[in-house]
$ cat target03.txt   # compact mmCIF, C-alpha atoms
# COMPACT_ATOMS: atom_id res chain seq x y z
CA MET J 7 -9.85 -2.70 -21.76
CA ILE J 8 -7.06 -2.87 -19.24
CA ASP J 9 -4.65 0.07 -19.32
CA TYR J 10 -1.65 -1.35 -17.47
CA ASN J 11 -0.34 2.16 -16.79
CA ALA J 12 -3.35 2.58 -14.48
CA LEU J 13 -1.79 0.01 -12.14
CA PHE J 14 1.04 2.43 -11.35
CA LYS J 15 -1.48 4.75 -9.66
CA ILE J 16 -1.85 2.35 -6.74
CA THR J 17 0.41 3.59 -3.94
CA TYR J 18 2.79 1.19 -2.20
CA GLY J 19 5.75 1.37 0.14
CA LEU J 20 8.99 -0.55 -0.30
CA PHE J 21 10.10 -3.00 2.35
CA ILE J 22 12.61 -5.73 3.10
CA VAL J 23 10.60 -8.76 4.20
CA SER J 24 12.80 -11.30 5.95
CA SER J 25 12.47 -14.65 7.67
CA GLY J 26 14.52 -17.44 9.19
CA ASN J 27 16.52 -17.67 12.41
CA LYS J 28 20.14 -17.29 13.52
CA GLU J 29 21.25 -20.30 11.46
CA GLU J 30 19.48 -19.60 8.18
CA GLY J 31 17.46 -16.86 6.62
CA ASN J 32 16.79 -14.57 3.73
CA GLY J 33 14.99 -11.40 2.76
CA PHE J 34 13.44 -9.87 -0.34
CA ILE J 35 12.12 -6.52 -1.44
CA SER J 36 8.35 -6.31 -1.29
CA ASN J 37 5.97 -3.50 -2.06
CA THR J 38 2.91 -5.34 -0.78
CA VAL J 39 2.78 -5.08 2.98
CA PHE J 40 -0.41 -3.75 4.54
CA GLN J 41 -2.45 -3.94 7.70
CA VAL J 42 -5.57 -6.12 7.48
CA THR J 43 -7.06 -5.80 10.97
CA ALA J 44 -6.64 -3.32 13.79
CA GLU J 45 -7.80 -5.56 16.65
CA PRO J 46 -5.57 -7.49 16.88
CA PRO J 47 -3.04 -5.68 14.66
CA ARG J 48 -2.35 -8.04 11.76
CA PHE J 49 -0.39 -7.50 8.58
CA ALA J 50 -0.41 -9.20 5.20
CA THR J 51 2.50 -9.68 2.87
CA CYS J 52 2.38 -11.21 -0.57
CA CYS J 53 5.22 -13.48 -1.62
CA ASN J 54 5.89 -15.39 -4.83
CA LYS J 55 5.84 -19.16 -4.21
CA ASN J 56 9.23 -19.45 -5.94
CA ASN J 57 10.70 -16.83 -3.69
CA PHE J 58 13.47 -18.29 -1.50
CA THR J 59 12.18 -16.36 1.53
CA ALA J 60 8.72 -17.96 1.18
CA GLY J 61 10.16 -21.28 2.36
CA PHE J 62 11.59 -19.68 5.51
CA ILE J 63 8.29 -17.95 6.32
CA GLU J 64 6.46 -21.29 6.01
CA LYS J 65 9.10 -23.15 8.05
CA HIS J 66 9.66 -20.61 10.83
CA GLY J 67 6.14 -19.12 10.96
CA CYS J 68 7.32 -15.55 11.28
CA PHE J 69 8.43 -12.62 9.16
CA ALA J 70 9.85 -9.16 9.69
CA VAL J 71 9.14 -6.06 7.67
CA SER J 72 11.83 -3.39 7.49
CA VAL J 73 10.54 -0.10 6.11
CA MET J 74 13.21 1.34 3.79
CA ARG J 75 14.06 5.00 3.96
CA GLN J 76 13.54 7.29 0.97
CA ASP J 77 17.25 7.55 0.11
CA ALA J 78 17.83 3.79 0.22
CA THR J 79 20.75 2.94 -2.06
CA SER J 80 20.64 0.99 -5.30
CA GLU J 81 23.02 -1.50 -3.68
CA ILE J 82 20.54 -2.58 -1.02
CA ILE J 83 17.60 -2.58 -3.45
CA GLY J 84 19.67 -4.61 -5.92
CA ARG J 85 20.88 -7.02 -3.23
CA PHE J 86 17.45 -7.79 -1.77
CA GLY J 87 15.27 -7.16 -4.83
CA TYR J 88 17.14 -8.49 -7.82
CA LYS J 89 19.17 -11.38 -6.46
CA SER J 90 18.11 -14.73 -5.09
CA GLY J 91 19.06 -16.13 -1.70
CA ARG J 92 19.72 -19.38 -3.60
CA ASP J 93 22.81 -17.68 -5.11
CA ILE J 94 24.09 -15.40 -2.37
CA LYS J 95 23.73 -15.14 1.40
CA LYS J 96 21.90 -11.82 1.41
CA LEU J 97 22.06 -11.31 5.17
CA ASP J 98 25.84 -11.76 5.43
CA GLY J 99 27.53 -8.51 6.38
CA MET J 100 24.24 -6.73 7.01
CA ASN J 101 23.23 -5.09 10.26
CA VAL J 102 20.76 -7.71 11.47
CA LYS J 103 18.81 -7.82 14.73
CA TYR J 104 17.05 -10.99 15.85
CA GLY J 105 13.47 -10.46 16.97
CA LYS J 106 11.35 -12.01 19.72
CA SER J 107 10.54 -14.93 17.41
CA GLY J 108 14.19 -15.26 16.38
CA VAL J 109 13.50 -13.75 12.98
CA PRO J 110 16.38 -11.80 11.37
CA ILE J 111 15.46 -8.14 10.90
CA VAL J 112 17.46 -5.98 8.48
CA LEU J 113 18.27 -2.58 9.98
CA ASN J 114 20.42 -1.06 7.20
CA GLU J 115 18.82 1.99 5.55
CA CYS J 116 15.51 1.27 7.29
CA ILE J 117 13.45 3.58 9.48
CA THR J 118 11.06 1.17 11.17
CA TYR J 119 10.52 -2.52 11.56
CA LEU J 120 7.56 -4.75 12.33
CA GLU J 121 7.85 -8.34 13.51
CA CYS J 122 4.94 -10.69 12.84
CA LYS J 123 3.95 -14.24 13.76
CA VAL J 124 2.16 -16.01 10.89
CA VAL J 125 -1.46 -16.86 11.77
CA GLN J 126 -2.91 -17.61 8.32
CA THR J 127 -1.53 -18.48 4.87
CA PHE J 128 -3.66 -18.06 1.76
CA ASP J 129 -2.97 -19.39 -1.72
CA VAL J 130 -3.69 -16.67 -4.28
CA GLY J 131 -2.22 -18.41 -7.33
CA THR J 132 1.41 -17.61 -8.13
CA HIS J 133 1.81 -16.04 -4.67
CA TRP J 134 1.20 -16.80 -0.99
CA LEU J 135 -0.54 -14.22 1.12
CA PHE J 136 0.88 -14.51 4.64
CA ILE J 137 -1.12 -12.94 7.47
CA GLY J 138 0.97 -12.18 10.53
CA GLU J 139 0.08 -10.89 13.97
CA LEU J 140 2.22 -7.99 15.08
CA ILE J 141 4.39 -8.90 18.07
CA GLU J 142 6.95 -6.08 17.94
CA ALA J 143 7.22 -2.68 16.23
CA GLU J 144 9.93 -0.11 16.59
CA ILE J 145 10.88 3.19 14.99
CA LEU J 146 14.62 3.30 14.18
CA ASP J 147 14.79 6.74 12.59
CA GLU J 148 12.28 9.42 13.56
CA THR J 149 13.18 11.92 10.85
CA SER J 150 13.57 10.14 7.51
CA GLU J 151 10.65 9.51 5.19
CA PRO J 152 9.77 6.00 4.00
CA ILE J 153 10.45 5.29 0.34
CA THR J 154 7.38 4.72 -1.81
CA TYR J 155 7.21 2.49 -4.87
CA THR J 156 6.31 5.57 -6.95
CA TYR J 157 9.45 7.36 -5.73
CA TYR J 158 11.53 4.29 -6.55
CA ARG J 159 10.07 4.10 -10.05
CA GLU J 160 10.29 7.80 -10.79
CA THR J 161 13.57 8.70 -9.13
CA LYS J 162 15.57 5.53 -9.50
CA LYS J 163 13.78 4.50 -12.71
CA GLY J 164 13.39 1.04 -11.23
CA PHE J 165 10.87 -1.63 -12.18
CA ALA J 166 9.40 -4.42 -10.07
CA PRO J 167 11.33 -7.68 -10.55
CA LYS J 168 9.68 -10.72 -12.17
CA ASN J 169 8.56 -12.33 -8.89
CA ALA J 170 6.72 -9.23 -7.66
CA PRO J 171 2.90 -9.15 -7.52
CA THR J 172 3.13 -5.84 -9.38
CA TYR J 173 5.47 -7.05 -12.14
CA ILE J 174 4.29 -5.83 -15.52
CA ASP J 175 5.54 -7.29 -18.75
CA LYS J 176 7.07 -4.27 -20.52
CA SER J 177 5.29 -5.23 -23.76
CA LYS J 178 1.95 -4.47 -22.05
CA LEU J 179 2.97 -0.92 -21.31
CA ASP J 180 2.49 1.79 -23.82
CA VAL J 181 6.11 2.96 -23.46
CA PRO J 182 8.06 4.73 -26.21
CA LYS J 183 10.07 2.26 -28.23
CA ALA J 184 13.79 2.24 -27.47
CA PRO J 185 15.82 3.98 -30.15
CA THR J 186 17.54 1.39 -32.33
CA ASN J 187 21.27 1.07 -31.91
CA SER J 188 21.54 3.72 -29.19
CA GLY J 189 24.20 1.50 -27.66
CA LYS J 190 22.74 2.24 -24.22
CA TYR J 191 21.32 -0.37 -21.86
CA LYS J 192 19.50 0.39 -18.61
CA CYS J 193 19.49 -1.62 -15.37
CA LEU J 194 15.87 -2.28 -14.41
CA ALA J 195 16.78 -2.34 -10.71
CA CYS J 196 18.72 0.90 -10.29
CA GLY J 197 18.60 2.72 -13.62
CA HIS J 198 22.38 2.46 -14.25
CA ILE J 199 23.17 3.06 -17.93
CA TYR J 200 25.73 0.89 -19.71
CA ASP J 201 26.95 2.94 -22.67
CA GLU J 202 28.73 0.86 -25.31
CA ASN J 203 30.33 3.97 -26.81
CA LYS J 204 31.99 4.89 -23.53
CA GLU J 205 32.85 1.35 -22.43
CA GLY J 206 34.20 0.22 -25.80
CA VAL J 207 32.57 -3.21 -25.44
CA LYS J 208 29.25 -4.19 -27.03
CA PHE J 209 26.63 -5.03 -24.39
CA ALA J 210 25.94 -8.33 -26.18
CA ASP J 211 29.63 -9.23 -25.88
CA LEU J 212 29.70 -8.88 -22.09
CA PRO J 213 29.95 -12.27 -20.35
CA ASN J 214 26.67 -13.78 -19.13
CA ASP J 215 27.76 -13.49 -15.51
CA TRP J 216 28.42 -9.76 -15.89
CA LYS J 217 26.60 -7.68 -13.25
CA CYS J 218 25.48 -4.07 -12.93
CA PRO J 219 28.46 -2.20 -11.44
CA ASP J 220 26.14 -0.06 -9.29
CA CYS J 221 23.82 -2.64 -7.77
CA GLY J 222 24.98 -6.08 -8.91
CA THR J 223 21.87 -6.90 -10.94
CA ASP J 224 22.24 -9.60 -13.63
CA LYS J 225 22.86 -8.72 -17.29
CA GLU J 226 19.46 -10.14 -18.27
CA ASP J 227 17.71 -7.45 -16.22
CA PHE J 228 18.98 -4.69 -18.53
CA ILE J 229 16.90 -3.29 -21.38
CA GLU J 230 17.86 -1.16 -24.37
CA ALA J 231 17.49 2.47 -23.30
CA MET Q 30 7.05 -3.68 22.65
CA ILE Q 31 4.75 -2.36 19.98
CA ASP Q 32 5.25 1.30 19.11
CA TYR Q 33 1.98 2.10 17.35
CA ASN Q 34 3.54 5.16 15.70
CA ALA Q 35 5.67 2.71 13.70
CA LEU Q 36 2.51 1.62 11.89
CA PHE Q 37 2.22 5.03 10.25
CA LYS Q 38 5.45 4.33 8.33
CA ILE Q 39 3.66 1.81 6.12
CA THR Q 40 2.73 3.58 2.89
CA TYR Q 41 -0.82 3.30 1.53
CA GLY Q 42 -2.96 5.02 -1.07
CA LEU Q 43 -6.52 6.21 -0.53
CA PHE Q 44 -9.34 4.77 -2.62
CA ILE Q 45 -13.10 4.64 -2.95
CA VAL Q 46 -14.02 0.96 -3.08
CA SER Q 47 -17.55 0.49 -4.39
CA SER Q 48 -19.93 -2.34 -5.22
CA GLY Q 49 -23.50 -3.03 -6.24
CA ASN Q 50 -25.36 -2.50 -9.48
CA LYS Q 51 -27.69 0.10 -11.04
CA GLU Q 52 -30.41 -0.59 -8.44
CA GLU Q 53 -28.34 -0.61 -5.26
CA GLY Q 54 -24.82 0.06 -4.20
CA ASN Q 55 -22.40 1.77 -1.89
CA GLY Q 56 -18.78 2.76 -1.53
CA PHE Q 57 -16.29 3.38 1.28
CA ILE Q 58 -12.85 4.86 1.67
CA SER Q 59 -10.15 2.24 1.87
CA ASN Q 60 -6.41 2.53 2.19
CA THR Q 61 -5.78 -1.17 1.71
CA VAL Q 62 -5.89 -2.00 -1.97
CA PHE Q 63 -2.91 -3.81 -3.47
CA GLN Q 64 -1.98 -6.16 -6.25
CA VAL Q 65 -1.41 -9.78 -5.19
CA THR Q 66 -0.51 -11.47 -8.49
CA ALA Q 67 0.70 -10.24 -11.85
CA GLU Q 68 -0.43 -13.22 -13.95
CA PRO Q 69 -3.37 -12.89 -13.95
CA PRO Q 70 -3.56 -9.38 -12.48
CA ARG Q 71 -5.44 -9.73 -9.20
CA PHE Q 72 -6.05 -7.20 -6.46
CA ALA Q 73 -6.92 -7.52 -2.80
CA THR Q 74 -9.01 -5.16 -0.73
CA CYS Q 75 -9.66 -5.42 2.96
CA CYS Q 76 -13.13 -4.60 4.21
CA ASN Q 77 -14.64 -4.58 7.70
CA LYS Q 78 -17.38 -7.21 8.01
CA ASN Q 79 -19.73 -4.54 9.40
CA ASN Q 80 -19.08 -2.31 6.45
CA PHE Q 81 -22.26 -1.79 4.41
CA THR Q 82 -20.31 -2.19 1.14
CA ALA Q 83 -19.06 -5.65 2.21
CA GLY Q 84 -22.57 -7.06 1.72
CA PHE Q 85 -22.72 -5.73 -1.84
CA ILE Q 86 -19.31 -7.18 -2.71
CA GLU Q 87 -20.44 -10.59 -1.42
CA LYS Q 88 -23.80 -10.39 -3.22
CA HIS Q 89 -22.64 -8.99 -6.56
CA GLY Q 90 -19.17 -10.59 -6.68
CA CYS Q 91 -17.41 -7.49 -7.93
CA PHE Q 92 -15.84 -4.30 -6.72
CA ALA Q 93 -14.38 -1.15 -8.21
CA VAL Q 94 -11.43 0.84 -6.92
CA SER Q 95 -11.34 4.55 -7.66
CA VAL Q 96 -7.93 6.08 -6.99
CA MET Q 97 -8.47 9.49 -5.37
CA ARG Q 98 -6.43 12.43 -6.51
CA GLN Q 99 -4.11 14.28 -4.12
CA ASP Q 100 -6.37 17.32 -3.72
CA ALA Q 101 -9.49 15.26 -2.98
CA THR Q 102 -11.86 17.38 -0.89
CA SER Q 103 -12.86 16.80 2.72
CA GLU Q 104 -16.45 16.53 1.50
CA ILE Q 105 -15.81 13.40 -0.56
CA ILE Q 106 -13.55 11.85 2.10
CA GLY Q 107 -16.17 12.61 4.76
CA ARG Q 108 -19.02 11.28 2.60
CA PHE Q 109 -17.37 7.95 1.72
CA GLY Q 110 -15.12 7.52 4.76
CA TYR Q 111 -17.04 8.72 7.77
CA LYS Q 112 -20.65 7.99 6.92
CA SER Q 113 -22.50 4.74 6.52
CA GLY Q 114 -24.52 3.70 3.49
CA ARG Q 115 -27.11 2.52 6.04
CA ASP Q 116 -27.83 6.21 6.76
CA ILE Q 117 -27.34 7.97 3.44
CA LYS Q 118 -27.31 6.97 -0.22
CA LYS Q 119 -23.66 7.80 -0.84
CA LEU Q 120 -23.80 7.35 -4.62
CA ASP Q 121 -26.73 9.74 -5.13
CA GLY Q 122 -25.65 12.83 -7.01
CA MET Q 123 -22.19 11.46 -7.70
CA ASN Q 124 -20.65 11.02 -11.13
CA VAL Q 125 -20.98 7.25 -11.41
CA LYS Q 126 -20.07 5.00 -14.32
CA TYR Q 127 -21.27 1.39 -14.47
CA GLY Q 128 -18.55 -1.11 -15.30
CA LYS Q 129 -18.53 -4.31 -17.38
CA SER Q 130 -19.82 -6.23 -14.36
CA GLY Q 131 -22.45 -3.57 -13.67
CA VAL Q 132 -20.53 -2.28 -10.65
CA PRO Q 133 -20.92 1.43 -9.87
CA ILE Q 134 -17.59 3.28 -10.20
CA VAL Q 135 -17.16 6.70 -8.60
CA LEU Q 136 -15.40 9.13 -10.95
CA ASN Q 137 -15.48 12.33 -8.85
CA GLU Q 138 -12.03 13.55 -7.80
CA CYS Q 139 -10.47 10.27 -8.97
CA ILE Q 140 -7.63 9.78 -11.44
CA THR Q 141 -7.90 6.08 -12.24
CA TYR Q 142 -10.24 3.19 -11.67
CA LEU Q 143 -9.89 -0.57 -11.58
CA GLU Q 144 -12.81 -2.98 -11.89
CA CYS Q 145 -12.45 -6.44 -10.37
CA LYS Q 146 -14.44 -9.67 -10.29
CA VAL Q 147 -14.19 -11.44 -6.93
CA VAL Q 148 -12.43 -14.81 -7.20
CA GLN Q 149 -11.61 -15.50 -3.54
CA THR Q 150 -12.81 -14.27 -0.15
CA PHE Q 151 -10.72 -14.79 2.98
CA ASP Q 152 -11.81 -14.33 6.58
CA VAL Q 153 -9.08 -12.47 8.47
CA GLY Q 154 -11.03 -11.81 11.68
CA THR Q 155 -12.84 -8.47 11.88
CA HIS Q 156 -12.33 -7.99 8.12
CA TRP Q 157 -12.85 -9.79 4.83
CA LEU Q 158 -10.02 -9.89 2.35
CA PHE Q 159 -11.57 -9.89 -1.12
CA ILE Q 160 -9.37 -11.00 -4.03
CA GLY Q 161 -10.57 -9.71 -7.37
CA GLU Q 162 -9.39 -10.34 -10.91
CA LEU Q 163 -8.87 -7.19 -12.90
CA ILE Q 164 -11.33 -6.92 -15.79
CA GLU Q 165 -11.03 -3.22 -16.60
CA ALA Q 166 -8.59 -0.41 -15.79
CA GLU Q 167 -8.62 3.14 -17.03
CA ILE Q 168 -6.73 6.35 -16.38
CA LEU Q 169 -9.11 9.30 -16.01
CA ASP Q 170 -6.59 12.05 -15.33
CA GLU Q 171 -3.03 11.75 -16.64
CA THR Q 172 -1.55 14.67 -14.73
CA SER Q 173 -2.76 14.58 -11.10
CA GLU Q 174 -0.96 12.62 -8.42
CA PRO Q 175 -2.77 10.00 -6.35
CA ILE Q 176 -3.37 10.90 -2.70
CA THR Q 177 -1.44 8.83 -0.17
CA TYR Q 178 -2.62 7.99 3.33
CA THR Q 179 0.44 9.84 4.69
CA TYR Q 180 -0.54 12.98 2.75
CA TYR Q 181 -4.10 12.69 4.06
CA ARG Q 182 -2.87 12.33 7.63
CA GLU Q 183 -0.28 15.09 7.46
CA THR Q 184 -2.05 17.63 5.29
CA LYS Q 185 -5.66 17.09 6.18
CA LYS Q 186 -4.84 15.89 9.71
CA GLY Q 187 -7.23 13.01 9.17
CA PHE Q 188 -7.34 9.70 11.01
CA ALA Q 189 -8.57 6.31 9.80
CA PRO Q 190 -12.19 5.70 10.83
CA LYS Q 191 -13.10 2.93 13.29
CA ASN Q 192 -13.84 0.30 10.61
CA ALA Q 193 -10.45 0.69 8.88
CA PRO Q 194 -7.82 -2.04 9.11
CA THR Q 195 -5.38 0.71 10.09
CA TYR Q 196 -7.56 2.27 12.81
CA ILE Q 197 -5.51 3.01 15.92
CA ASP Q 198 -7.08 3.72 19.26
CA LYS Q 199 -5.76 7.21 20.08
CA SER Q 200 -4.91 6.07 23.63
CA LYS Q 201 -2.25 3.76 22.14
CA LEU Q 202 -0.45 6.63 20.49
CA ASP Q 203 2.08 8.65 22.33
CA VAL Q 204 0.38 11.92 21.39
CA PRO Q 205 0.61 15.11 23.43
CA LYS Q 206 -2.33 15.39 25.78
CA ALA Q 207 -4.97 17.87 24.68
CA PRO Q 208 -4.83 21.11 26.66
CA THR Q 209 -7.66 21.18 29.18
CA ASN Q 210 -10.45 23.63 28.46
CA SER Q 211 -8.98 24.85 25.17
CA GLY Q 212 -12.55 25.03 23.93
CA LYS Q 213 -11.37 23.62 20.57
CA TYR Q 214 -12.54 20.36 19.03
CA LYS Q 215 -11.08 18.77 15.91
CA CYS Q 216 -12.86 16.72 13.24
CA LEU Q 217 -10.97 13.43 12.83
CA ALA Q 218 -12.00 13.20 9.17
CA CYS Q 219 -10.99 16.58 7.83
CA GLY Q 220 -9.27 18.46 10.63
CA HIS Q 221 -11.95 21.18 10.90
CA ILE Q 222 -11.69 23.01 14.24
CA TYR Q 223 -14.81 23.88 16.20
CA ASP Q 224 -13.86 26.78 18.46
CA GLU Q 225 -16.33 27.35 21.33
CA ASN Q 226 -15.01 30.87 21.89
CA LYS Q 227 -15.78 31.92 18.33
CA GLU Q 228 -19.04 29.99 17.99
CA GLY Q 229 -20.46 31.03 21.36
CA VAL Q 230 -21.85 27.53 21.99
CA LYS Q 231 -20.17 24.86 24.09
CA PHE Q 232 -19.28 21.79 22.01
CA ALA Q 233 -21.04 19.58 24.57
CA ASP Q 234 -24.22 21.62 24.11
CA LEU Q 235 -24.40 21.02 20.35
CA PRO Q 236 -27.20 18.60 19.41
CA ASN Q 237 -26.19 14.94 18.94
CA ASP Q 238 -27.08 15.08 15.25
CA TRP Q 239 -24.77 18.06 14.70
CA LYS Q 240 -22.29 17.47 11.85
CA CYS Q 241 -18.94 18.90 10.82
CA PRO Q 242 -19.76 21.95 8.65
CA ASP Q 243 -16.85 21.12 6.30
CA CYS Q 244 -17.29 17.41 5.67
CA GLY Q 245 -20.46 16.29 7.44
CA THR Q 246 -18.76 13.98 9.93
CA ASP Q 247 -20.69 13.15 13.11
CA LYS Q 248 -20.12 15.02 16.38
CA GLU Q 249 -18.75 11.85 18.02
CA ASP Q 250 -15.81 11.86 15.60
CA PHE Q 251 -14.43 15.10 17.05
CA ILE Q 252 -11.72 15.15 19.71
CA GLU Q 253 -10.50 17.93 22.00
CA ALA Q 254 -7.71 19.74 20.18

$ encode --input "target03.txt" --output "structure tokens"
Amino acid sequence: MIDYNALFKITYGLFIVSSGNKEEGNGFISNTVFQVTAEPPRFATCCNKNNFTAGFIEKHGCFAVSVMRQDATSEIIGRFGYKSGRDIKKLDGMNVKYGKSGVPIVLNECITYLECKVVQTFDVGTHWLFIGELIEAEILDETSEPITYTYYRETKKGFAPKNAPTYIDKSKLDVPKAPTNSGKYKCLACGHIYDENKEGVKFADLPNDWKCPDCGTDKEDFIEA
Amino acid sequence: MIDYNALFKITYGLFIVSSGNKEEGNGFISNTVFQVTAEPPRFATCCNKNNFTAGFIEKHGCFAVSVMRQDATSEIIGRFGYKSGRDIKKLDGMNVKYGKSGVPIVLNECITYLECKVVQTFDVGTHWLFIGELIEAEILDETSEPITYTYYRETKKGFAPKNAPTYIDKSKLDVPKAPTNSGKYKCLACGHIYDENKEGVKFADLPNDWKCPDCGTDKEDFIEA
């Protein structure tokens, strides 16, 4: 028997993994970044093959990991976690530094970054596992705590998006059934509640391109609350 | 420039990873366990090639991950993290369950376990990266929090042992130099302080097979405090 709630007991951080160069690039929210060897220091990150950033990592052979701080806003999590770089230029307007390898590194709301040069790529099914050798690491903020995936889930009531290695189909979780006709719909990225009674418009009647007013997540990533 | 303190901002859990069967087996403390794909649910764990448990994972093609609870004792961390199965039978006397695959699963001080069947093995240098498909997952304790590597480092003042992917040579860290002739020596596993002035015996004069009285860690894993 697999109790899918058990999977939430595995501790993860929350990171913006980015790749590209000065001309092109993208980033996504990842919770699977981890060191695999100490000598030399190498890090792995797991990335859905459909992920727009995956193509940049393959092409440019480098990635950066920005460690998000605990009070990271829903806006930045929504922007990097619930949108695709195929639709918006995620790095536009962000505070970006270019690393040794030329990789764009997101500095907004982050406390540390690591820059890695890809040395191995493994196919693990739906995802690539990129192994990168650390070429640069810097602390940006000495005092703030890093955000953990548990904190994100419990405080912001967020769920992993569909492309994440840790995505869990809600039907597999033993969660209480949503009350029928509550008229409330919750954003899976930031927890924002759309309340039909307050807004005066049925959720179903909102246009398909309607977005979460707090974090910009698509309508389809809301569930009845 | 690589600031090695930046590496501590990556969030990890703390787990006992075990393998073997009813006749033989071992386990070690790992902080690198993470999900790599959702469909099917697959997990990676990173294991030093010299690690005694690595041989059992290769031979038996399975591993279990026991998620340690936040108040896990120094004894269990010392037993599984700072000793080798070549010297002691780590599973003897422990509360062990045998999984579907026959793998021994440590239940002591753990809140959840996952059982995985190895489907891929990658060579990442000093370590193997084992990818296992989840065949069983159970929550043992609904209320306790999992321990994080940060909590272990900050509360128990523990460091990763030499075989860990996240081991950092202390000389690379910008730590305050130990005061000369303090007469105090700290256990890297549990933070126990040996105070020469109280004990009446110089640390250097203790026999080589002397162990930490709190967690059983070897003398060589103490540093001047």

$ closest_atom_pairs --input "target03.txt" --of "chain Q" --to "chain J" --cutoff "6 Å" --atoms "only C-alpha atoms" --output "tab-separated table"
residue	atom	partner	partner_atom	distance
Q:Met30	CA	J:Glu142	CA	5.3
Q:Ile31	CA	J:Ala143	CA	4.5
Q:Asp32	CA	J:Ala143	CA	5.3
Q:Ala35	CA	J:Ile145	CA	5.4
Q:Thr40	CA	J:Gly19	CA	4.6
Q:Tyr41	CA	J:Tyr18	CA	5.6
Q:Gly42	CA	J:Thr17	CA	4.7
Q:Gln64	CA	J:Pro171	CA	5.9
Q:Val65	CA	J:Pro171	CA	4.9
Q:Thr66	CA	J:Pro171	CA	4.2
Q:Ala67	CA	J:Pro171	CA	5.0
Q:Glu165	CA	J:Ile8	CA	4.8
Q:Ala166	CA	J:Ile8	CA	4.5
Q:Glu167	CA	J:Asp9	CA	5.5
Q:Ile168	CA	J:Ala12	CA	5.4
Q:Pro194	CA	J:Thr43	CA	4.3
Q:Thr195	CA	J:Ala44	CA	5.6
Q:Tyr196	CA	J:Ala44	CA	5.7

$ residues_around --input "target03.txt" --residues "J:Lys190" --least-positions-apart "3" --cutoff "6 Å" --atoms "only C-alpha atoms" --output "PyMOL selection string"
chain J and resi 200-201+230-231

$ atom_distance --input "target03.txt" --atom1 "atom CA of Q:Val147" --atom2 "atom CA of Q:Gly110"
22.3 Å

$ closest_residue --input "target03.txt" --among "J:Asn32, J:Ser25, J:Gln76, J:Asn114" --to "J:Lys162" --atoms "all atoms listed in the file"
J:Gln76

$ residues_near_point --input "target03.txt" --point "(26.1, -7.3, 4.8)" --cutoff "10 Å" --atoms "all atoms listed in the file" --output "PDB file with C-alpha atoms, in the coordinates of the input"
ATOM      1  CA  ILE J  82      20.540  -2.580  -1.020  1.00  0.00           C
ATOM      2  CA  ARG J  85      20.880  -7.020  -3.230  1.00  0.00           C
ATOM      3  CA  LYS J  95      23.730 -15.140   1.400  1.00  0.00           C
ATOM      4  CA  LYS J  96      21.900 -11.820   1.410  1.00  0.00           C
ATOM      5  CA  LEU J  97      22.060 -11.310   5.170  1.00  0.00           C
ATOM      6  CA  ASP J  98      25.840 -11.760   5.430  1.00  0.00           C
ATOM      7  CA  GLY J  99      27.530  -8.510   6.380  1.00  0.00           C
ATOM      8  CA  MET J 100      24.240  -6.730   7.010  1.00  0.00           C
ATOM      9  CA  ASN J 101      23.230  -5.090  10.260  1.00  0.00           C
ATOM     10  CA  VAL J 102      20.760  -7.710  11.470  1.00  0.00           C
ATOM     11  CA  VAL J 112      17.460  -5.980   8.480  1.00  0.00           C
ATOM     12  CA  ASN J 114      20.420  -1.060   7.200  1.00  0.00           C
TER      13      ASN J 114
END

$ residues_around --input "target03.txt" --residues "J:Gly84" --least-positions-apart "5" --cutoff "7 Å" --atoms "only C-alpha atoms" --output "PyMOL selection string"
chain J and resi 89+195+221-223

$ closest_residue --input "target03.txt" --among "Q:Ser113, Q:Asn210, Q:Ser103, Q:Asn226" --to "Q:Arg182" --atoms "only C-alpha atoms"
Q:Ser103

$ atom_distance --input "target03.txt" --atom1 "atom CA of Q:Thr184" --atom2 "atom CA of Q:Ile222"
14.2 Å

$ closest_residue --input "target03.txt" --among "Q:Lys88, Q:Lys248, Q:Lys51, Q:Lys201" --to "Q:Gly128" --atoms "all atoms listed in the file"
Q:Lys51

$ axis_aligned_box --input "target03.txt" --around "stretch 164-179 of chain J" --padding-each-side "4 Å" --output "JSON"
{"center_x": 7.7, "center_y": -5.6, "center_z": -15.6, "size_x": 19.4, "size_y": 21.4, "size_z": 24.2}

$ atom_distance --input "target03.txt" --atom1 "atom CA of Q:Thr150" --atom2 "atom CA of Q:Glu87"
8.6 Å

$ residues_around --input "target03.txt" --residues "J:Thr59" --least-positions-apart "3" --cutoff "7 Å" --atoms "all atoms listed in the file" --output "list in words"
Ser24, Ser25, Asn32, Gly33, Phe34, Phe62 and Ile63 of chain J

$ write_last_selection --input "target03.txt" --atoms "C-alpha atoms" --output "PDB file, keeping the file's coordinate frame"
ATOM      1  CA  SER J  24      12.800 -11.300   5.950  1.00  0.00           C
ATOM      2  CA  SER J  25      12.470 -14.650   7.670  1.00  0.00           C
ATOM      3  CA  ASN J  32      16.790 -14.570   3.730  1.00  0.00           C
ATOM      4  CA  GLY J  33      14.990 -11.400   2.760  1.00  0.00           C
ATOM      5  CA  PHE J  34      13.440  -9.870  -0.340  1.00  0.00           C
ATOM      6  CA  PHE J  62      11.590 -19.680   5.510  1.00  0.00           C
ATOM      7  CA  ILE J  63       8.290 -17.950   6.320  1.00  0.00           C
TER       8      ILE J  63
END

$ residues_near_point --input "target03.txt" --point "(-8.9, 13.9, 13.4)" --cutoff "7 Å" --atoms "all atoms listed in the file" --output "list in words"
Lys186, Gly187, Phe188, Lys215, Cys216, Leu217, Ala218, Cys219, Gly220 and Phe251 of chain Q
